[in-house]
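Source file: start_8.txt. Holds: compact mmCIF, C-alpha atoms.
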```
# COMPACT_ATOMS: atom_id res chain seq x y z
CA MET A 14 -127.66 122.32 53.79
CA VAL A 15 -126.18 121.28 57.15
CA THR A 16 -128.45 122.44 59.95
CA GLY A 17 -127.29 123.57 63.39
CA LEU A 18 -128.68 120.38 64.92
CA SER A 19 -126.94 118.09 62.47
CA VAL A 20 -123.69 119.98 62.93
CA GLY A 21 -123.98 119.49 66.69
CA VAL A 22 -124.59 115.76 66.30
CA CYS A 23 -121.66 115.50 63.87
CA LEU A 24 -119.38 117.37 66.25
CA SER A 25 -120.25 114.97 69.06
CA PHE A 26 -119.61 112.03 66.74
CA VAL A 27 -116.26 113.40 65.63
CA ALA A 28 -115.26 114.33 69.18
CA LEU A 29 -115.59 110.65 70.09
CA LEU A 30 -113.55 109.64 67.06
CA VAL A 31 -110.81 112.14 67.84
CA VAL A 32 -110.59 111.26 71.53
CA GLY A 33 -110.58 107.53 70.78
CA THR A 34 -107.99 107.76 68.07
CA TYR A 35 -105.72 110.01 70.08
CA SER A 36 -105.99 107.75 73.11
CA ALA A 37 -104.85 104.85 70.97
CA ALA A 38 -101.98 106.92 69.65
CA ALA A 39 -100.89 108.46 72.94
CA GLY A 40 -98.16 105.90 73.45
CA LEU A 41 -96.57 106.91 70.16
CA LEU A 42 -95.76 110.45 71.22
CA GLY A 43 -92.07 110.79 71.78
CA GLY A 44 -91.47 107.46 70.01
CA ALA A 45 -89.70 106.72 66.80
CA GLY A 46 -90.22 109.22 64.02
CA ALA A 47 -90.07 108.83 60.26
CA GLY A 48 -86.33 108.91 59.77
CA VAL A 49 -85.09 107.80 56.38
CA ALA A 50 -81.87 106.15 57.57
CA GLY A 51 -81.54 102.98 55.58
CA ALA A 52 -84.61 103.72 53.46
CA VAL A 53 -84.34 103.76 49.70
CA GLY A 54 -88.06 103.51 48.93
CA LEU A 55 -90.16 106.37 47.65
CA ALA A 56 -93.53 107.36 49.08
CA LYS A 57 -96.51 106.45 46.94
CA GLY A 58 -96.82 108.79 43.98
CA ALA A 59 -94.41 111.33 45.46
CA VAL A 60 -92.37 111.25 42.26
CA PRO A 61 -94.25 111.51 38.95
CA ALA A 62 -94.45 108.09 37.33
CA ALA A 63 -92.40 109.20 34.31
CA TYR A 64 -89.41 109.98 36.54
CA GLN A 65 -89.76 107.42 39.34
CA PRO A 66 -87.57 104.70 37.75
CA LEU A 67 -84.80 107.26 37.13
CA VAL A 68 -84.97 108.61 40.68
CA GLN A 69 -85.07 105.12 42.19
CA LYS A 70 -82.11 103.92 40.11
CA TRP A 71 -79.84 106.96 40.31
CA GLY A 72 -80.77 107.76 43.90
CA ASN A 73 -78.74 104.72 44.89
CA LEU A 74 -75.62 105.78 43.00
CA CYS A 75 -73.52 106.32 46.14
CA PRO A 76 -73.96 106.03 49.93
CA ALA A 77 -74.33 109.81 50.41
CA ILE A 78 -77.66 109.94 48.60
CA ASN A 79 -80.86 107.94 48.43
CA PRO A 80 -83.91 108.15 46.14
CA ALA A 81 -85.87 110.29 48.61
CA LEU A 82 -83.05 112.80 48.94
CA LEU A 83 -82.63 113.02 45.16
CA ALA A 84 -86.39 113.47 44.78
CA ALA A 85 -86.35 116.24 47.38
CA GLN A 86 -83.63 118.08 45.48
CA LEU A 87 -85.40 117.82 42.14
CA TYR A 88 -88.72 118.95 43.61
CA GLN A 89 -87.09 121.88 45.38
CA GLU A 90 -85.17 122.85 42.27
CA SER A 91 -87.90 122.68 39.64
CA GLY A 92 -91.13 121.20 40.97
CA TRP A 93 -90.58 118.39 38.41
CA ASN A 94 -90.76 120.85 35.52
CA PRO A 95 -88.28 119.72 32.81
CA ARG A 96 -88.58 123.10 31.05
CA ALA A 97 -87.96 125.27 34.13
CA VAL A 98 -85.62 128.24 33.77
CA SER A 99 -84.59 130.32 36.77
CA PRO A 100 -83.62 134.02 36.84
CA ALA A 101 -80.00 132.79 37.15
CA ASP A 102 -80.44 130.81 33.90
CA ALA A 103 -80.46 127.46 35.70
CA ARG A 104 -82.18 125.06 33.35
CA GLY A 105 -84.29 121.95 33.33
CA ILE A 106 -85.62 119.56 35.93
CA ALA A 107 -82.32 119.58 37.87
CA GLN A 108 -81.68 123.32 37.40
CA PHE A 109 -78.12 123.18 36.13
CA ILE A 110 -76.40 126.40 35.12
CA PRO A 111 -74.90 125.83 31.63
CA GLY A 112 -71.30 126.13 32.89
CA THR A 113 -71.89 123.54 35.60
CA TRP A 114 -73.63 121.29 33.10
CA ALA A 115 -70.69 121.51 30.71
CA ALA A 116 -68.40 120.19 33.45
CA HIS A 117 -70.68 117.71 35.18
CA GLY A 118 -73.52 116.70 32.84
CA VAL A 119 -73.61 113.01 31.92
CA ASP A 120 -75.24 111.01 29.14
CA GLY A 121 -77.61 109.15 31.43
CA ASP A 122 -79.55 107.36 28.72
CA SER A 123 -76.49 106.52 26.58
CA ASP A 124 -78.01 108.04 23.44
CA GLY A 125 -74.84 109.89 22.48
CA ASP A 126 -75.66 113.35 23.81
CA ARG A 127 -75.88 115.23 27.11
CA ASP A 128 -79.13 117.21 26.99
CA ILE A 129 -79.71 119.62 29.89
CA TRP A 130 -83.46 119.59 29.10
CA ASP A 131 -83.82 115.81 29.04
CA PRO A 132 -84.68 114.32 32.45
CA ALA A 133 -83.05 111.06 31.33
CA ASP A 134 -79.75 112.96 31.33
CA ALA A 135 -80.45 115.65 33.94
CA ILE A 136 -81.58 113.32 36.76
CA PRO A 137 -78.52 111.04 36.44
CA SER A 138 -76.36 114.16 36.24
CA ALA A 139 -77.80 115.53 39.49
CA ALA A 140 -77.08 112.22 41.23
CA SER A 141 -73.59 112.02 39.73
CA TYR A 142 -72.80 115.58 40.78
CA ASP A 143 -74.01 114.89 44.32
CA CYS A 144 -71.76 111.84 44.56
CA GLU A 145 -68.81 113.76 43.17
CA LEU A 146 -69.28 116.44 45.81
CA ALA A 147 -69.60 113.77 48.50
CA LYS A 148 -66.14 112.51 47.54
CA TYR A 149 -64.71 116.00 47.89
CA VAL A 150 -66.04 116.38 51.45
CA LYS A 151 -65.76 112.76 52.64
CA ASP A 152 -63.09 113.62 55.24
CA VAL A 153 -64.93 116.64 56.63
CA PRO A 154 -66.35 116.11 60.15
CA GLY A 155 -70.09 115.67 60.49
CA ASP A 156 -72.78 114.11 58.36
CA THR A 157 -71.52 113.39 54.85
CA THR A 158 -74.89 113.95 53.21
CA SER A 159 -75.42 117.32 54.88
CA ASN A 160 -71.87 118.33 53.96
CA MET A 161 -72.51 117.23 50.39
CA LEU A 162 -75.64 119.37 50.20
CA ALA A 163 -73.73 122.30 51.63
CA ALA A 164 -71.08 121.82 48.95
CA TYR A 165 -73.83 121.73 46.31
CA ASN A 166 -74.98 125.14 47.51
CA ALA A 167 -71.80 126.91 48.62
CA GLY A 168 -68.98 124.91 47.03
CA ALA A 169 -66.80 122.14 48.41
CA TYR A 170 -63.96 124.49 49.34
CA ARG A 171 -66.13 126.42 51.80
CA VAL A 172 -67.31 123.19 53.44
CA ILE A 173 -63.75 121.90 53.78
CA ARG A 174 -62.52 125.22 55.14
CA ALA A 175 -65.39 125.43 57.66
CA GLY A 176 -65.00 121.82 58.78
CA GLY A 177 -68.66 121.14 58.03
CA VAL A 178 -71.72 123.08 56.91
CA PRO A 179 -70.48 126.69 56.79
CA ALA A 180 -72.14 129.44 58.80
CA ILE A 181 -73.87 130.87 55.76
CA SER A 182 -77.60 131.31 56.32
CA GLU A 183 -78.53 130.47 52.74
CA THR A 184 -76.46 127.28 52.84
CA ARG A 185 -77.73 126.13 56.23
CA ASN A 186 -81.28 126.80 55.12
CA TYR A 187 -80.71 124.85 51.90
CA VAL A 188 -79.44 121.83 53.83
CA LYS A 189 -82.35 121.99 56.26
CA ILE A 190 -84.88 122.31 53.43
CA ILE A 191 -83.62 119.27 51.54
CA ARG A 192 -83.28 117.09 54.66
CA SER A 193 -86.83 118.06 55.68
CA LEU A 194 -88.24 117.43 52.21
CA GLU A 195 -86.44 114.09 52.20
CA GLN A 196 -88.90 112.95 54.88
CA SER A 197 -91.88 113.68 52.63
CA PHE A 198 -90.49 111.77 49.66
CA ALA A 199 -89.36 108.69 51.59
CA ARG A 200 -91.56 105.68 52.19
CA PRO A 201 -91.70 105.55 56.01
CA VAL A 202 -89.74 102.71 57.59
CA GLY A 203 -91.56 102.95 60.91
CA ARG A 204 -94.53 104.64 62.54
CA VAL A 205 -94.86 108.33 61.78
CA GLU A 206 -94.86 110.49 64.89
CA PRO A 207 -98.28 112.00 65.69
CA SER A 208 -98.80 115.70 65.06
CA ARG A 209 -99.00 117.89 68.15
CA GLN A 210 -100.88 120.62 66.27
CA ALA A 211 -103.61 118.41 64.81
CA ALA A 212 -106.33 118.94 67.44
CA ALA A 213 -106.36 122.72 67.04
CA ALA A 214 -106.38 122.45 63.25
CA ILE A 215 -109.35 120.08 63.44
CA SER A 216 -111.16 122.48 65.76
CA PHE A 217 -110.87 125.25 63.18
CA ALA A 218 -112.13 123.01 60.39
CA GLN A 219 -115.06 121.87 62.53
CA SER A 220 -116.02 125.48 63.16
CA LYS A 221 -116.55 125.90 59.41
CA LEU A 222 -118.99 123.02 58.97
CA GLY A 223 -121.99 124.09 56.92
CA THR A 224 -120.14 126.93 55.18
CA PRO A 225 -120.82 126.99 51.41
CA TYR A 226 -117.96 125.99 49.13
CA LEU A 227 -116.22 128.64 47.01
CA TRP A 228 -113.69 127.72 44.32
CA GLY A 229 -110.50 129.64 45.14
CA GLY A 230 -111.93 130.56 48.55
CA ASN A 231 -109.52 131.56 51.29
CA GLY A 232 -112.12 132.43 53.92
CA THR A 233 -111.71 136.21 53.62
CA PRO A 234 -114.50 138.64 54.56
CA GLU A 235 -114.85 139.56 50.89
CA GLN A 236 -115.52 135.87 50.21
CA GLN A 237 -117.99 135.68 53.11
CA GLY A 238 -115.70 133.26 54.94
CA ARG A 239 -115.98 130.57 52.26
CA PHE A 240 -113.28 128.09 51.25
CA ASP A 241 -112.32 125.54 48.68
CA CYS A 242 -110.67 122.28 49.73
CA SER A 243 -107.05 123.40 50.00
CA GLY A 244 -108.02 126.85 51.24
CA LEU A 245 -109.71 125.19 54.23
CA THR A 246 -106.76 122.97 55.12
CA GLN A 247 -104.34 125.88 54.67
CA ALA A 248 -106.40 128.09 56.98
CA ALA A 249 -106.78 125.32 59.58
CA TYR A 250 -103.04 124.78 59.90
CA ARG A 251 -102.34 128.51 59.76
CA THR A 252 -104.17 128.81 63.09
CA VAL A 253 -101.43 126.67 64.67
CA GLY A 254 -98.57 128.56 63.04
CA ILE A 255 -97.97 126.23 60.10
CA GLU A 256 -98.12 127.83 56.66
CA LEU A 257 -99.07 125.31 53.99
CA PRO A 258 -98.88 125.93 50.24
CA ARG A 259 -102.10 127.01 48.60
CA VAL A 260 -102.71 124.03 46.32
CA ALA A 261 -103.43 120.43 47.30
CA ASN A 262 -100.68 118.72 45.30
CA ASP A 263 -98.02 120.81 47.07
CA GLN A 264 -99.65 120.25 50.47
CA TYR A 265 -98.97 116.54 49.92
CA ASN A 266 -95.27 117.27 50.41
CA ALA A 267 -95.67 118.96 53.82
CA GLY A 268 -94.59 115.93 55.85
CA PRO A 269 -94.26 112.13 55.92
CA HIS A 270 -96.97 109.81 54.65
CA PRO A 271 -98.72 107.44 57.05
CA SER A 272 -100.44 104.39 55.62
CA ARG A 273 -104.23 104.09 55.60
CA GLU A 274 -104.03 101.92 58.72
CA GLU A 275 -101.92 104.51 60.57
CA LEU A 276 -104.09 107.58 59.94
CA LEU A 277 -104.68 109.92 62.87
CA PRO A 278 -106.94 112.97 63.24
CA GLY A 279 -105.39 116.02 61.61
CA ASP A 280 -103.71 114.09 58.80
CA LEU A 281 -104.41 115.51 55.37
CA VAL A 282 -105.98 113.01 52.98
CA PHE A 283 -105.71 113.35 49.21
CA PHE A 284 -107.64 112.25 46.15
CA SER A 285 -106.66 111.95 42.50
CA ASP A 286 -107.68 110.41 39.20
CA ASP A 287 -104.03 109.36 38.71
CA LEU A 288 -102.89 107.26 41.66
CA THR A 289 -99.27 107.23 40.45
CA ASN A 290 -98.58 110.97 40.47
CA SER A 291 -98.92 113.40 43.37
CA ARG A 292 -98.82 116.32 40.92
CA ALA A 293 -102.25 115.19 39.67
CA ILE A 294 -103.90 115.43 43.12
CA ARG A 295 -107.15 117.37 42.81
CA HIS A 296 -108.73 117.26 46.30
CA VAL A 297 -107.71 117.35 49.96
CA GLY A 298 -109.53 116.93 53.25
CA MET A 299 -108.65 116.65 56.93
CA TYR A 300 -108.98 113.25 58.58
CA VAL A 301 -111.00 113.13 61.80
CA GLY A 302 -111.06 109.40 62.56
CA GLY A 303 -113.31 106.44 61.85
CA GLY A 304 -112.82 106.69 58.10
CA TYR A 305 -114.17 110.26 57.88
CA MET A 306 -112.76 113.63 56.88
CA ILE A 307 -113.87 117.25 57.00
CA ASN A 308 -113.68 118.76 53.56
CA ALA A 309 -114.93 121.48 51.25
CA PRO A 310 -116.05 119.20 48.41
CA PHE A 311 -117.32 121.15 45.39
CA THR A 312 -119.42 124.03 44.12
CA GLY A 313 -122.97 123.81 45.42
CA ALA A 314 -121.97 121.82 48.51
CA VAL A 315 -121.01 122.90 52.03
CA ILE A 316 -118.07 122.02 54.25
CA ARG A 317 -119.04 118.64 55.65
CA PHE A 318 -117.96 115.15 56.72
CA ASP A 319 -117.32 112.56 54.02
CA LYS A 320 -115.89 109.07 53.98
CA ILE A 321 -112.33 108.76 52.68
CA ASP A 322 -112.47 105.20 51.36
CA THR A 323 -113.24 105.89 47.73
CA PRO A 324 -111.57 104.61 44.54
CA ASP A 325 -109.75 107.92 44.07
CA TYR A 326 -108.13 107.92 47.53
CA PHE A 327 -104.47 108.74 46.91
CA GLY A 328 -102.80 108.85 50.32
CA ALA A 329 -102.15 111.00 53.37
CA THR A 330 -99.67 113.45 54.85
CA ARG A 331 -98.90 114.10 58.50
CA VAL A 332 -98.13 117.81 58.42
CA THR A 333 -94.96 118.98 60.16
CA GLU A 334 -93.74 122.51 60.70
CA ASP A 335 -90.36 121.77 59.12
CA GLY A 336 -92.00 119.97 56.22
CA ALA A 337 -94.25 122.92 55.46
CA LYS A 338 -91.40 125.42 55.77
CA ALA A 339 -89.28 123.41 53.34
CA LEU A 340 -91.73 123.65 50.46
CA PRO A 341 -90.51 125.95 47.69
CA THR A 342 -92.37 129.15 46.86
CA GLU A 343 -90.39 129.80 43.68
CA LEU A 344 -87.98 128.05 41.36
CA PRO A 345 -84.39 128.49 42.54
CA GLY A 346 -81.32 127.70 40.51
CA SER A 347 -78.42 126.67 42.68
CA ALA A 348 -76.73 124.01 40.60
```
This structure in C-alpha cells:
Amino acid sequence: MVTGLSVGVCLSFVALLVVGTYSAAAGLLGGAGAGVAGAVGLAKGAVPAAYQPLVQKWGNLCPAINPALLAAQLYQESGWNPRAVSPADARGIAQFIPGTWAAHGVDGDSDGDRDIWDPADAIPSAASYDCELAKYVKDVPGDTTSNMLAAYNAGAYRVIRAGGVPAISETRNYVKIIRSLEQSFARPVGRVEPSRQAAAAISFAQSKLGTPYLWGGNGTPEQQGRFDCSGLTQAAYRTVGIELPRVANDQYNAGPHPSREELLPGDLVFFSDDLTNSRAIRHVGMYVGGGYMINAPFTGAVIRFDKIDTPDYFGATRVTEDGAKALPTELPGSA
C-alpha cells in the first residue's frame, strides 16, 4: 500500500521531473508540428501486421493519398474488422456498399475474383477508389486530398459544384476526422508539438496515487473512486476537456506518436505482448518524466509510479483534442 508519506515523496520527485522536462521542451511550443506532408511511413504497430504491407503498398497508389491517410480511412470505417457490416449494409474492412463495390472493386491479389470480404481486394479497392475520385476533383480549388475525401463522402459532383469541400456538416466533419486520424497513423517526420493540456491531466492522475485498482473502474462513487489503466487515463484527460475512448488500444490513436527519446510528461505510454499490432495493446499509463509513468497496474495493486522501460513497451501517443475527437464510436458505412 502507498502511504501518505511515500506519496508525498513521490509527488516531489515527479514535480522535479515534470518541471525539468517541460523546461527542456519549452522551446518546442509553437514550433513544427507532426504534419504528414511528404511522409509515407506508418507509425509503429498502428496498422495490424497482417494488413501493413497492403496499406504501405496501396497507400502510395497516387499523389492524393499516402499510407497514413489510407490507414486512417480503414480504421475509421471498420476498426480493421474484415467482417464488419454497417446498418447501411456497408461491408468488410473498407466498408463498401455492394453497389459501389460492383462498380469500383478491384482484384487486388490477382486471384481471379473481387471479394468484398477479403482485405487483399478491399484495401486495394479503397485506394483505387480514392485515386479515381481524386481525378474527378483534380481541377477543383483547394487541397486535392481534402476534396477527394469530400467526394468520397458526398460525391464528386457536389465537390465540383461547391468549388471545394461542400458546406455539408457531415462531409466537413468526415474530412476533418480523416485528416486528424492521418496524424496518428503517420510516422512523425519531425518533433511532435508538446501538449498544452498535459500538466493538468498529470495533476489529476497524481491525485489518485494509492487508490486500489479495479478492473473496469471508471472512478465513479459506486466504484469507490477506483480505476483500471485506461479508465484512469480517460478520466485524467476528461478533466481538461478531452474525451478519450474507453479502451487502451483505441487511446493509442488519439494523436501522433513521439519516439522514446522525445517523450514528455502527459504522453500516454502503451504496453503489449505483440509489438507489431496496436490492436493487441493491453495496458496504458501516463508518462511523468525520467522513465516513469503513473498507472493503474493490475488487481491487487494501487495506482502508482512504475518504470516504462520493459520488454513489452509498445510506444507512446501525444494526445490532441482533434485526435481524440476523430476516433470512431461506431462503425459507419460511407463507401
Checklist entry - Counting all atoms listed in the file, what is within 10 Å of Gln86 (chain A), bar same-chain residues fewer than 3 positions away, as a list of chain:residue names? => result A:Pro80, A:Ala81, A:Leu82, A:Leu83, A:Gln89, A:Glu90, A:Ser91, A:Gly92, A:Trp93, A:Ile106, A:Ala107, A:Gln108, A:Ala139, A:Ala140, A:Leu162, A:Tyr187, A:Ile190, A:Ile191, A:Arg192, A:Leu194, A:Glu195
Checklist outcome for this item: With distances taken over all atoms listed in the file, the candidate from A:Val98, A:Val188, A:Leu340, A:Val297 nearest Thr157 (chain A) is A:Val188
Item to check | Two-atom distance - CA of Gly155 (chain A), CA of Lys338 (chain A) (Å) | outcome: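 Interatomic distance here is 23.9 Å.
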Checklist outcome for this item: Expressed in Å, the length from CA of Thr184 (chain A) to CA of Gln196 (chain A) is 19.1 Å
Next on the checklist: Using only C-alpha atoms - which residues lie no farther than 8 Å from the point (-112.8, 107.1, 57.4) in the file's frame? Write them as a VMD selection string.
Outcome noted: chain A and resid 300 to 306 319 to 322
Next on the checklist: Which residues are near Phe240 (chain A)? Cut-off 9 Å, only C-alpha atoms, ignore same chain within fewer than 4 positions. Put them as a list in words.
Outcome noted: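 That gives Thr224, Pro225, Tyr226, Leu227, Trp228, Gly229, Gly230, Asn231, Gly232, Thr233, Gln236, Gly244, Leu245, Ala248, Ala309 and Ile316 of chain A.
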Next on the checklist: Considering all atoms listed in the file, can you say which of A:Gly105, A:Gly112, A:Pro341, A:Pro95 comes closest to Leu257 (chain A)?
Outcome noted: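 Of A:Gly105, A:Gly112, A:Pro341, A:Pro95, the one nearest Leu257 (chain A) is A:Pro341, counting all atoms listed in the file.
Checking A:Ser138, A:Thr158, A:Ser216, A:Thr246 one by one against Gln264 (chain A), counting only C-alpha atoms, you find the shortest gap at A:Thr246.
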Checklist entry - Hey, can you check how far CA of Asn79 (chain A) sits from CA of Asn166 (chain A)? => result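 Result for CA of Asn79 (chain A) versus CA of Asn166 (chain A): 18.2 Å, one decimal.
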Item to check | Which of A:Arg104, A:Arg127, A:Lys57, A:Lys189 sits closest to Ala339 (chain A) [using only C-alpha atoms] | outcome: A:Lys189
Item to check | Spatial neighbours of Glu334 (chain A), 10 Å, all atoms listed in the file, chain gap at least 4 places, as a list in words | outcome: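 These residues fall inside the cut-off: Ser193, Ser208, Gln210, Tyr250, Val253, Gly254, Ile255, Glu256, Leu257, Ala267, Gly268, Lys338 and Ala339 of chain A.
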Next on the checklist: My list of candidates is A:Asp152, A:Glu235, A:Glu206, A:Asp241. Which is closest to His270 (chain A) when distances are computed with all atoms listed in the file?
Outcome noted: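 Of all the options, A:Glu206 lies closest to His270 (chain A).
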Checklist entry - Could you name the residues that touch Met299 (chain A) at 7 Å or less, counting all atoms listed in the file, but leaving out those on the same chain fewer than 4 positions away, as a VMD selection string? => result chain A and resid 246 279 to 282 306 to 308
Item to check | Using all atoms listed in the file: which of A:Arg273, A:Arg239, A:Arg292, A:Arg204 has the shortest distance to Val260 (chain A) | outcome: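 Residue with the minimum atom-to-atom distance to Val260 (chain A): A:Arg292.
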Item to check | Near-Arg295 (chain A) list (12 Å; all atoms listed in the file; drop same-chain fewer than 6 positions) as a list in words | outcome: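 Residues near the query, excluding close chain neighbours: Asp241, Cys242, Ser243, Val260, Ala261, Asn262, Asp263, Gln264, Tyr265, Val282, Phe283, Phe284, Ser285, Asp286, Asp287, Leu288, Pro310, Phe311, Asp325, Tyr326 and Phe327 of chain A.
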As a PDB file, in the coordinates of the input, could you write out region 271-288 of chain A once it has been completed with N, CA and C atoms?
```pdb
ATOM      1  N   PRO A 271     -98.249 108.636  56.357  1.00  0.00           N
ATOM      2  CA  PRO A 271     -98.720 107.440  57.050  1.00  0.00           C
ATOM      3  C   PRO A 271     -99.569 106.580  56.122  1.00  0.00           C
ATOM      4  N   SER A 272     -99.588 105.296  56.389  1.00  0.00           N
ATOM      5  CA  SER A 272    -100.440 104.390  55.620  1.00  0.00           C
ATOM      6  C   SER A 272    -101.901 104.599  56.026  1.00  0.00           C
ATOM      7  N   ARG A 273    -102.793 103.991  55.272  1.00  0.00           N
ATOM      8  CA  ARG A 273    -104.230 104.090  55.600  1.00  0.00           C
ATOM      9  C   ARG A 273    -104.482 103.566  57.001  1.00  0.00           C
ATOM     10  N   GLU A 274    -103.802 102.519  57.402  1.00  0.00           N
ATOM     11  CA  GLU A 274    -104.030 101.920  58.720  1.00  0.00           C
ATOM     12  C   GLU A 274    -103.469 102.771  59.849  1.00  0.00           C
ATOM     13  N   GLU A 275    -102.570 103.689  59.544  1.00  0.00           N
ATOM     14  CA  GLU A 275    -101.920 104.510  60.570  1.00  0.00           C
ATOM     15  C   GLU A 275    -102.474 105.917  60.660  1.00  0.00           C
ATOM     16  N   LEU A 276    -103.564 106.220  59.943  1.00  0.00           N
ATOM     17  CA  LEU A 276    -104.090 107.580  59.940  1.00  0.00           C
ATOM     18  C   LEU A 276    -104.511 108.019  61.342  1.00  0.00           C
ATOM     19  N   LEU A 277    -104.254 109.295  61.631  1.00  0.00           N
ATOM     20  CA  LEU A 277    -104.680 109.920  62.870  1.00  0.00           C
ATOM     21  C   LEU A 277    -105.401 111.221  62.548  1.00  0.00           C
ATOM     22  N   PRO A 278    -106.270 111.686  63.461  1.00  0.00           N
ATOM     23  CA  PRO A 278    -106.940 112.970  63.240  1.00  0.00           C
ATOM     24  C   PRO A 278    -105.931 114.083  62.969  1.00  0.00           C
ATOM     25  N   GLY A 279    -106.259 114.912  62.004  1.00  0.00           N
ATOM     26  CA  GLY A 279    -105.390 116.020  61.610  1.00  0.00           C
ATOM     27  C   GLY A 279    -104.570 115.718  60.379  1.00  0.00           C
ATOM     28  N   ASP A 280    -104.415 114.427  60.031  1.00  0.00           N
ATOM     29  CA  ASP A 280    -103.710 114.090  58.800  1.00  0.00           C
ATOM     30  C   ASP A 280    -104.487 114.640  57.605  1.00  0.00           C
ATOM     31  N   LEU A 281    -103.768 115.109  56.612  1.00  0.00           N
ATOM     32  CA  LEU A 281    -104.410 115.510  55.370  1.00  0.00           C
ATOM     33  C   LEU A 281    -104.556 114.285  54.478  1.00  0.00           C
ATOM     34  N   VAL A 282    -105.711 114.145  53.858  1.00  0.00           N
ATOM     35  CA  VAL A 282    -105.980 113.010  52.980  1.00  0.00           C
ATOM     36  C   VAL A 282    -106.262 113.544  51.571  1.00  0.00           C
ATOM     37  N   PHE A 283    -105.743 112.832  50.570  1.00  0.00           N
ATOM     38  CA  PHE A 283    -105.710 113.350  49.210  1.00  0.00           C
ATOM     39  C   PHE A 283    -106.385 112.399  48.231  1.00  0.00           C
ATOM     40  N   PHE A 284    -106.875 113.003  47.135  1.00  0.00           N
ATOM     41  CA  PHE A 284    -107.640 112.250  46.150  1.00  0.00           C
ATOM     42  C   PHE A 284    -107.204 112.670  44.754  1.00  0.00           C
ATOM     43  N   SER A 285    -107.159 111.678  43.843  1.00  0.00           N
ATOM     44  CA  SER A 285    -106.660 111.950  42.500  1.00  0.00           C
ATOM     45  C   SER A 285    -107.220 110.938  41.516  1.00  0.00           C
ATOM     46  N   ASP A 286    -107.296 111.336  40.252  1.00  0.00           N
ATOM     47  CA  ASP A 286    -107.680 110.410  39.200  1.00  0.00           C
ATOM     48  C   ASP A 286    -106.471 109.649  38.661  1.00  0.00           C
ATOM     49  N   ASP A 287    -105.269 110.062  39.082  1.00  0.00           N
ATOM     50  CA  ASP A 287    -104.030 109.360  38.710  1.00  0.00           C
ATOM     51  C   ASP A 287    -103.323 108.973  39.998  1.00  0.00           C
ATOM     52  N   LEU A 288    -103.415 107.722  40.377  1.00  0.00           N
ATOM     53  CA  LEU A 288    -102.890 107.260  41.660  1.00  0.00           C
ATOM     54  C   LEU A 288    -101.388 107.020  41.641  1.00  0.00           C
TER      55      LEU A 288
END
```
